[in-house]
Amino acid sequence: MGPDAVHVTDLVKRFGRFTAVDRISFSVRPGEIFGFLGPNGAGKSTTIRMLCGIIAPTSGAGRVAGCDLMAEPEQVKQRIGYMSQKFSLYPDLTPFENIRFYLGIYAVPEPQWAERSAWCLQLTRLEAVRSRLTRELPPGWRQRLALGCALLHRPQLLFLDEPTSGVDPVTRRRFWDFIRGLAAEGVTVFVTTHYMDEARHCDRVVMINAGRIVDGGPPAEIVRRACPDRPAADLNDAFVALVRRGVP
């Protein structure tokens with residue numbers, strides 16, 4: 001196995017006197033589905049925005065997709081795919097126009113645009129609505145479009161920030177089926193979520209609360225460590241137990 005897809009050490013992000021992310025360290029292996037779990041406001045989105053080169057860390061060190069997080073944020077952006085909480089779409093553009101916009105953003109060579117546009121519309125099953133305004137589409141369809149746009153330049157590392165927030169359970173299940181297919185093809189997937197039940201789809205997870213990591217590892221191992229006397233416990237139970245203990 002090659003170098004870690006993500007490796008960060010003592011990463012910190014402060015906004016004035018408020019510390020949103022407090023000296024976190026972890027790594028993500030190539031080809032795995034990695035979950036970054038925690039309640040709303042825990043520091044998940046701030047962390048993913050640092051890892052994607054969108055905001056600069058206050059301190060710490062890290063490498064993402066082979067690039068130095070501090071010195072090469074623009075190179076990071078070109079090597080990854082990123083799907084934000086708001087699906088990163090322009091609502092007054094059509095799906096086809098959003099796709100063309102992101103082909104330019106990701107610097108895909110123009111001779112490839114026709115093929116990549118057709119691929120994305122087929123992947124997202126949106127050929128029939130390619131000319132409708134994106135704001136008119138149901139949330140699950142917009143989710144598919146945002147994911148397709150994040151994959152236009154064929155990244156090997158994909159960041160998904162709360163990708164299933166606000167969509168129905170059926171759409172969530174289909175989304176995770178698709179993510180497992182990407183991982184099977186060798187794409188590394190880093191996903192943030194506050195849905196603890198989604199951890200079952202992940203190879204490993206890190207759990208964060210109030211900007212600090214409370215535990216990490218395969219989900220089943222975390223549950224066993226946190227709730228050794230409760231065979232029916234799940235990750236929600238484990239998280240509550242860890243927070244009550246004041247870990248770390």
# chains A, B, ... in the order shown; residues from 1 in each chain; ligands from 1
call {"tool": "select_by_dssp", "arguments": {"residues": "range 71-239 of chain A", "states": "helix (DSSP H, G or I)", "output": "compact mmCIF listing (two decimals) with C-alpha atoms, in the first residue's frame"}}
result
# COMPACT_ATOMS: atom_id res chain seq x y z
CA PRO A 73 -3.43 24.30 -0.99
CA GLU A 74 -4.12 25.04 -4.67
CA GLN A 75 -2.51 21.75 -5.73
CA VAL A 76 -4.68 19.96 -3.19
CA LYS A 77 -7.82 21.43 -4.80
CA GLN A 78 -6.85 20.10 -8.22
CA ARG A 79 -6.21 16.56 -6.97
CA PRO A 95 -27.51 20.32 -14.68
CA PHE A 96 -25.69 20.47 -18.01
CA GLU A 97 -24.48 24.03 -17.32
CA ASN A 98 -23.33 23.08 -13.81
CA ILE A 99 -21.36 20.19 -15.30
CA ARG A 100 -19.70 22.48 -17.87
CA PHE A 101 -18.84 24.98 -15.14
CA TYR A 102 -17.09 22.36 -13.03
CA LEU A 103 -15.24 20.93 -16.00
CA GLY A 104 -13.64 24.36 -16.28
CA ILE A 105 -13.04 24.69 -12.53
CA GLU A 110 -11.80 20.94 -23.37
CA PRO A 111 -11.60 18.09 -25.92
CA GLN A 112 -12.82 15.79 -23.11
CA TRP A 113 -15.82 17.91 -22.17
CA ALA A 114 -18.40 16.19 -24.37
CA GLU A 115 -17.42 12.72 -23.16
CA ARG A 116 -17.23 13.74 -19.49
CA SER A 117 -20.57 15.61 -19.67
CA ALA A 118 -22.30 12.58 -21.17
CA TRP A 119 -20.66 10.32 -18.57
CA CYS A 120 -21.82 12.53 -15.69
CA LEU A 121 -25.41 12.77 -16.93
CA GLN A 122 -25.55 9.01 -17.36
CA LEU A 123 -23.95 8.41 -13.96
CA THR A 124 -26.43 10.70 -12.21
CA GLU A 127 -30.22 13.01 -18.94
CA ALA A 128 -33.96 13.68 -19.11
CA VAL A 129 -33.70 16.86 -17.00
CA THR A 134 -31.18 22.85 -10.84
CA ARG A 135 -33.26 24.57 -8.16
CA GLU A 136 -36.34 22.81 -9.53
CA PRO A 139 -32.94 17.10 -3.17
CA GLY A 140 -31.91 13.56 -4.05
CA TRP A 141 -31.39 14.52 -7.69
CA ARG A 142 -29.34 17.57 -6.71
CA GLN A 143 -27.27 15.27 -4.49
CA ARG A 144 -26.53 12.99 -7.45
CA LEU A 145 -25.60 15.98 -9.61
CA ALA A 146 -23.23 17.42 -6.99
CA LEU A 147 -21.52 14.06 -6.59
CA GLY A 148 -21.15 13.67 -10.34
CA CYS A 149 -19.62 17.15 -10.64
CA ALA A 150 -17.10 16.28 -7.90
CA PRO A 169 -33.75 7.21 3.72
CA VAL A 170 -34.09 5.58 0.29
CA THR A 171 -31.81 8.21 -1.27
CA ARG A 172 -29.34 7.74 1.58
CA ARG A 173 -29.21 3.99 0.94
CA ARG A 174 -28.70 4.43 -2.80
CA PHE A 175 -26.01 7.02 -2.14
CA TRP A 176 -24.03 4.62 0.04
CA ASP A 177 -24.39 1.86 -2.55
CA PHE A 178 -22.76 4.22 -5.03
CA ILE A 179 -19.98 5.16 -2.60
CA ARG A 180 -19.14 1.51 -2.01
CA GLY A 181 -18.84 1.09 -5.77
CA LEU A 182 -16.40 4.00 -5.97
CA ALA A 183 -14.27 2.54 -3.17
CA ALA A 184 -14.24 -0.82 -4.95
CA MET A 196 -23.90 7.55 13.57
CA ASP A 197 -25.71 4.70 11.82
CA GLU A 198 -23.86 5.56 8.62
CA ALA A 199 -20.62 4.39 10.22
CA ARG A 200 -21.50 0.83 9.28
CA HIS A 201 -20.58 1.74 5.70
CA PRO A 219 -16.67 1.03 14.20
CA ALA A 220 -17.09 -2.34 15.91
CA GLU A 221 -13.85 -1.90 17.83
CA ILE A 222 -14.87 1.54 19.06
CA VAL A 223 -18.15 0.15 20.37
CA ARG A 224 -16.39 -2.73 22.14
CA ARG A 225 -13.90 -0.38 23.81
CA ALA A 226 -16.50 2.18 24.89
CA LEU A 235 -22.00 3.69 17.85
CA ASN A 236 -24.45 6.21 19.28
CA ASP A 237 -24.08 4.52 22.67
CA ALA A 238 -20.30 4.46 22.28
CA PHE A 239 -20.14 8.17 21.46
call {"tool": "residues_around", "arguments": {"residues": "Glu72 in chain A", "least_positions_apart": "2", "cutoff": "12 Å", "atoms": "only C-alpha atoms", "output": "VMD selection string"}}
result
chain A and resid 50 to 54 56 61 to 70 74 to 79
call {"tool": "write_last_selection", "arguments": {"atoms": "N, CA, C and O atoms", "output": "PDB file, in the first residue's frame"}}
result
ATOM      1  N   MET A  50     -10.345  22.621   5.755  1.00  0.00           N
ATOM      2  CA  MET A  50      -8.883  22.712   5.808  1.00  0.00           C
ATOM      3  C   MET A  50      -8.242  21.662   4.913  1.00  0.00           C
ATOM      4  O   MET A  50      -7.305  21.956   4.161  1.00  0.00           O
ATOM      5  N   LEU A  51      -8.738  20.440   4.975  1.00  0.00           N
ATOM      6  CA  LEU A  51      -8.151  19.356   4.188  1.00  0.00           C
ATOM      7  C   LEU A  51      -8.309  19.585   2.690  1.00  0.00           C
ATOM      8  O   LEU A  51      -7.505  19.092   1.898  1.00  0.00           O
ATOM      9  N   CYS A  52      -9.333  20.320   2.303  1.00  0.00           N
ATOM     10  CA  CYS A  52      -9.578  20.596   0.886  1.00  0.00           C
ATOM     11  C   CYS A  52      -8.874  21.865   0.404  1.00  0.00           C
ATOM     12  O   CYS A  52      -9.042  22.261  -0.757  1.00  0.00           O
ATOM     13  N   GLY A  53      -8.120  22.521   1.277  1.00  0.00           N
ATOM     14  CA  GLY A  53      -7.394  23.722   0.868  1.00  0.00           C
ATOM     15  C   GLY A  53      -8.247  24.963   0.781  1.00  0.00           C
ATOM     16  O   GLY A  53      -7.828  25.969   0.195  1.00  0.00           O
ATOM     17  N   ILE A  54      -9.449  24.926   1.365  1.00  0.00           N
ATOM     18  CA  ILE A  54     -10.362  26.069   1.282  1.00  0.00           C
ATOM     19  C   ILE A  54     -10.036  27.119   2.334  1.00  0.00           C
ATOM     20  O   ILE A  54     -10.097  28.322   2.074  1.00  0.00           O
ATOM     21  N   ALA A  56      -7.101  27.992   5.605  1.00  0.00           N
ATOM     22  CA  ALA A  56      -5.767  27.635   6.074  1.00  0.00           C
ATOM     23  C   ALA A  56      -5.813  27.222   7.545  1.00  0.00           C
ATOM     24  O   ALA A  56      -6.469  27.879   8.362  1.00  0.00           O
ATOM     25  N   ALA A  61       0.369  20.267  10.821  1.00  0.00           N
ATOM     26  CA  ALA A  61       0.962  19.838   9.556  1.00  0.00           C
ATOM     27  C   ALA A  61       0.100  18.757   8.938  1.00  0.00           C
ATOM     28  O   ALA A  61      -0.661  18.065   9.631  1.00  0.00           O
ATOM     29  N   GLY A  62       0.202  18.625   7.623  1.00  0.00           N
ATOM     30  CA  GLY A  62      -0.568  17.580   6.971  1.00  0.00           C
ATOM     31  C   GLY A  62      -0.244  17.454   5.506  1.00  0.00           C
ATOM     32  O   GLY A  62       0.284  18.379   4.879  1.00  0.00           O
ATOM     33  N   ARG A  63      -0.551  16.275   4.956  1.00  0.00           N
ATOM     34  CA  ARG A  63      -0.438  16.026   3.523  1.00  0.00           C
ATOM     35  C   ARG A  63      -1.755  15.427   3.049  1.00  0.00           C
ATOM     36  O   ARG A  63      -2.320  14.537   3.691  1.00  0.00           O
ATOM     37  N   VAL A  64      -2.237  15.928   1.921  1.00  0.00           N
ATOM     38  CA  VAL A  64      -3.481  15.465   1.317  1.00  0.00           C
ATOM     39  C   VAL A  64      -3.223  15.204  -0.156  1.00  0.00           C
ATOM     40  O   VAL A  64      -2.741  16.090  -0.870  1.00  0.00           O
ATOM     41  N   ALA A  65      -3.482  13.981  -0.593  1.00  0.00           N
ATOM     42  CA  ALA A  65      -3.262  13.593  -1.987  1.00  0.00           C
ATOM     43  C   ALA A  65      -1.835  13.894  -2.433  1.00  0.00           C
ATOM     44  O   ALA A  65      -1.597  14.315  -3.566  1.00  0.00           O
ATOM     45  N   GLY A  66      -0.889  13.707  -1.521  1.00  0.00           N
ATOM     46  CA  GLY A  66       0.513  13.908  -1.844  1.00  0.00           C
ATOM     47  C   GLY A  66       0.989  15.342  -1.776  1.00  0.00           C
ATOM     48  O   GLY A  66       2.163  15.621  -2.050  1.00  0.00           O
ATOM     49  N   CYS A  67       0.124  16.273  -1.384  1.00  0.00           N
ATOM     50  CA  CYS A  67       0.480  17.698  -1.345  1.00  0.00           C
ATOM     51  C   CYS A  67       0.541  18.190   0.104  1.00  0.00           C
ATOM     52  O   CYS A  67      -0.231  17.743   0.957  1.00  0.00           O
ATOM     53  N   ASP A  68       1.461  19.142   0.352  1.00  0.00           N
ATOM     54  CA  ASP A  68       1.586  19.742   1.671  1.00  0.00           C
ATOM     55  C   ASP A  68       0.412  20.684   1.903  1.00  0.00           C
ATOM     56  O   ASP A  68       0.157  21.601   1.123  1.00  0.00           O
ATOM     57  N   LEU A  69      -0.298  20.453   2.997  1.00  0.00           N
ATOM     58  CA  LEU A  69      -1.512  21.201   3.271  1.00  0.00           C
ATOM     59  C   LEU A  69      -1.251  22.685   3.487  1.00  0.00           C
ATOM     60  O   LEU A  69      -2.066  23.530   3.110  1.00  0.00           O
ATOM     61  N   MET A  70      -0.119  23.014   4.076  1.00  0.00           N
ATOM     62  CA  MET A  70       0.204  24.408   4.348  1.00  0.00           C
ATOM     63  C   MET A  70       0.752  25.127   3.120  1.00  0.00           C
ATOM     64  O   MET A  70       0.384  26.270   2.835  1.00  0.00           O
ATOM     65  N   GLU A  74      -3.534  25.029  -3.331  1.00  0.00           N
ATOM     66  CA  GLU A  74      -4.121  25.041  -4.669  1.00  0.00           C
ATOM     67  C   GLU A  74      -3.909  23.712  -5.382  1.00  0.00           C
ATOM     68  O   GLU A  74      -4.780  23.239  -6.118  1.00  0.00           O
ATOM     69  N   GLN A  75      -2.751  23.067  -5.150  1.00  0.00           N
ATOM     70  CA  GLN A  75      -2.507  21.750  -5.731  1.00  0.00           C
ATOM     71  C   GLN A  75      -3.448  20.715  -5.127  1.00  0.00           C
ATOM     72  O   GLN A  75      -3.916  19.806  -5.820  1.00  0.00           O
ATOM     73  N   VAL A  76      -3.726  20.861  -3.831  1.00  0.00           N
ATOM     74  CA  VAL A  76      -4.684  19.961  -3.189  1.00  0.00           C
ATOM     75  C   VAL A  76      -6.027  20.034  -3.907  1.00  0.00           C
ATOM     76  O   VAL A  76      -6.644  19.006  -4.234  1.00  0.00           O
ATOM     77  N   LYS A  77      -6.504  21.248  -4.176  1.00  0.00           N
ATOM     78  CA  LYS A  77      -7.820  21.431  -4.797  1.00  0.00           C
ATOM     79  C   LYS A  77      -7.917  20.737  -6.147  1.00  0.00           C
ATOM     80  O   LYS A  77      -8.989  20.237  -6.525  1.00  0.00           O
ATOM     81  N   GLN A  78      -6.826  20.710  -6.895  1.00  0.00           N
ATOM     82  CA  GLN A  78      -6.855  20.103  -8.222  1.00  0.00           C
ATOM     83  C   GLN A  78      -6.809  18.575  -8.168  1.00  0.00           C
ATOM     84  O   GLN A  78      -7.180  17.906  -9.132  1.00  0.00           O
ATOM     85  N   ARG A  79      -6.372  18.018  -7.054  1.00  0.00           N
ATOM     86  CA  ARG A  79      -6.211  16.562  -6.967  1.00  0.00           C
ATOM     87  C   ARG A  79      -7.364  15.849  -6.291  1.00  0.00           C
ATOM     88  O   ARG A  79      -7.398  14.619  -6.284  1.00  0.00           O
TER      89      ARG A  79
END
call {"tool": "closest_atom_pairs", "arguments": {"of": "range 132-232 of chain A", "to": "range 36-49 of chain A", "cutoff": "10 Å", "atoms": "only C-alpha atoms", "output": "tab-separated table"}}
result
residue	atom	partner	partner_atom	distance
A:Phe159	CA	A:Ile48	CA	7.4
A:Leu160	CA	A:Ile48	CA	8.4
A:Asp161	CA	A:Ser45	CA	6.5
A:Glu162	CA	A:Ser45	CA	8.2
A:Phe190	CA	A:Phe36	CA	7.3
A:Val191	CA	A:Phe36	CA	6.0
A:Thr192	CA	A:Phe36	CA	4.6
A:Thr193	CA	A:Leu37	CA	5.3
A:His194	CA	A:Pro39	CA	5.1
A:Tyr195	CA	A:Leu37	CA	7.6
A:Met196	CA	A:Leu37	CA	6.9
A:Glu198	CA	A:Leu37	CA	9.1
A:Ala199	CA	A:Leu37	CA	7.9
A:Cys202	CA	A:Phe36	CA	9.5
A:Arg204	CA	A:Phe36	CA	8.9
A:Val205	CA	A:Phe36	CA	5.7
A:Val206	CA	A:Phe36	CA	5.1
A:Met207	CA	A:Leu37	CA	4.7
A:Ile208	CA	A:Gly38	CA	5.1
A:Asn209	CA	A:Ala42	CA	4.7
A:Ala210	CA	A:Ala42	CA	4.7
A:Gly211	CA	A:Gly43	CA	4.9
A:Arg212	CA	A:Ala42	CA	8.0
A:Ile213	CA	A:Gly38	CA	9.3
A:Val214	CA	A:Gly38	CA	9.6
A:Gly216	CA	A:Phe36	CA	9.1
call {"tool": "closest_atom_pairs", "arguments": {"of": "range 112-231 of chain A", "to": "range 1-15 of chain A", "cutoff": "9 Å", "atoms": "only C-alpha atoms", "output": "Markdown table"}}
result
| residue | atom | partner | partner_atom | distance |
| --- | --- | --- | --- | --- |
| A:Gln156 | CA | A:Ala5 | CA | 8.8 |
| A:Leu157 | CA | A:Ala5 | CA | 7.2 |
| A:Thr188 | CA | A:Ala5 | CA | 7.3 |
| A:Gly211 | CA | A:Val12 | CA | 8.8 |
call {"tool": "select_by_dssp", "arguments": {"residues": "range 49-155 of chain A", "states": "strand (DSSP E)", "output": "PyMOL selection string"}}
result
chain A and resi 59-64+67-68+80-83
call {"tool": "write_last_selection", "arguments": {"atoms": "N, CA and C atoms", "output": "mmCIF file, in the first residue's frame"}}
result
data_model
loop_
_atom_site.group_PDB
_atom_site.id
_atom_site.type_symbol
_atom_site.label_atom_id
_atom_site.label_comp_id
_atom_site.auth_asym_id
_atom_site.auth_seq_id
_atom_site.Cartn_x
_atom_site.Cartn_y
_atom_site.Cartn_z
ATOM 1 N N SER A 59 -2.422 26.102 12.775
ATOM 2 C CA SER A 59 -1.140 25.442 13.027
ATOM 3 C C SER A 59 -1.299 23.952 12.778
ATOM 4 N N GLY A 60 -0.179 23.249 12.834
ATOM 5 C CA GLY A 60 -0.176 21.821 12.564
ATOM 6 C C GLY A 60 0.441 21.523 11.217
ATOM 7 N N ALA A 61 0.369 20.267 10.821
ATOM 8 C CA ALA A 61 0.962 19.838 9.556
ATOM 9 C C ALA A 61 0.100 18.757 8.938
ATOM 10 N N GLY A 62 0.202 18.625 7.623
ATOM 11 C CA GLY A 62 -0.568 17.580 6.971
ATOM 12 C C GLY A 62 -0.244 17.454 5.506
ATOM 13 N N ARG A 63 -0.551 16.275 4.956
ATOM 14 C CA ARG A 63 -0.438 16.026 3.523
ATOM 15 C C ARG A 63 -1.755 15.427 3.049
ATOM 16 N N VAL A 64 -2.237 15.928 1.921
ATOM 17 C CA VAL A 64 -3.481 15.465 1.317
ATOM 18 C C VAL A 64 -3.223 15.204 -0.156
ATOM 19 N N CYS A 67 0.124 16.273 -1.384
ATOM 20 C CA CYS A 67 0.480 17.698 -1.345
ATOM 21 C C CYS A 67 0.541 18.190 0.104
ATOM 22 N N ASP A 68 1.461 19.142 0.352
ATOM 23 C CA ASP A 68 1.586 19.742 1.671
ATOM 24 C C ASP A 68 0.412 20.684 1.903
ATOM 25 N N ILE A 80 -8.280 16.592 -5.713
ATOM 26 C CA ILE A 80 -9.365 15.978 -4.956
ATOM 27 C C ILE A 80 -10.706 16.315 -5.589
ATOM 28 N N GLY A 81 -11.733 15.577 -5.181
ATOM 29 C CA GLY A 81 -13.111 15.955 -5.427
ATOM 30 C C GLY A 81 -13.733 16.387 -4.115
ATOM 31 N N TYR A 82 -14.635 17.372 -4.164
ATOM 32 C CA TYR A 82 -15.220 17.907 -2.938
ATOM 33 C C TYR A 82 -16.696 18.180 -3.161
ATOM 34 N N MET A 83 -17.515 17.623 -2.282
ATOM 35 C CA MET A 83 -18.951 17.868 -2.301
ATOM 36 C C MET A 83 -19.335 18.460 -0.960
#
call {"tool": "atom_distance", "arguments": {"atom1": "CA of Ser165 in chain A", "atom2": "CA of Ser84 in chain A"}}
result
10.6 Å
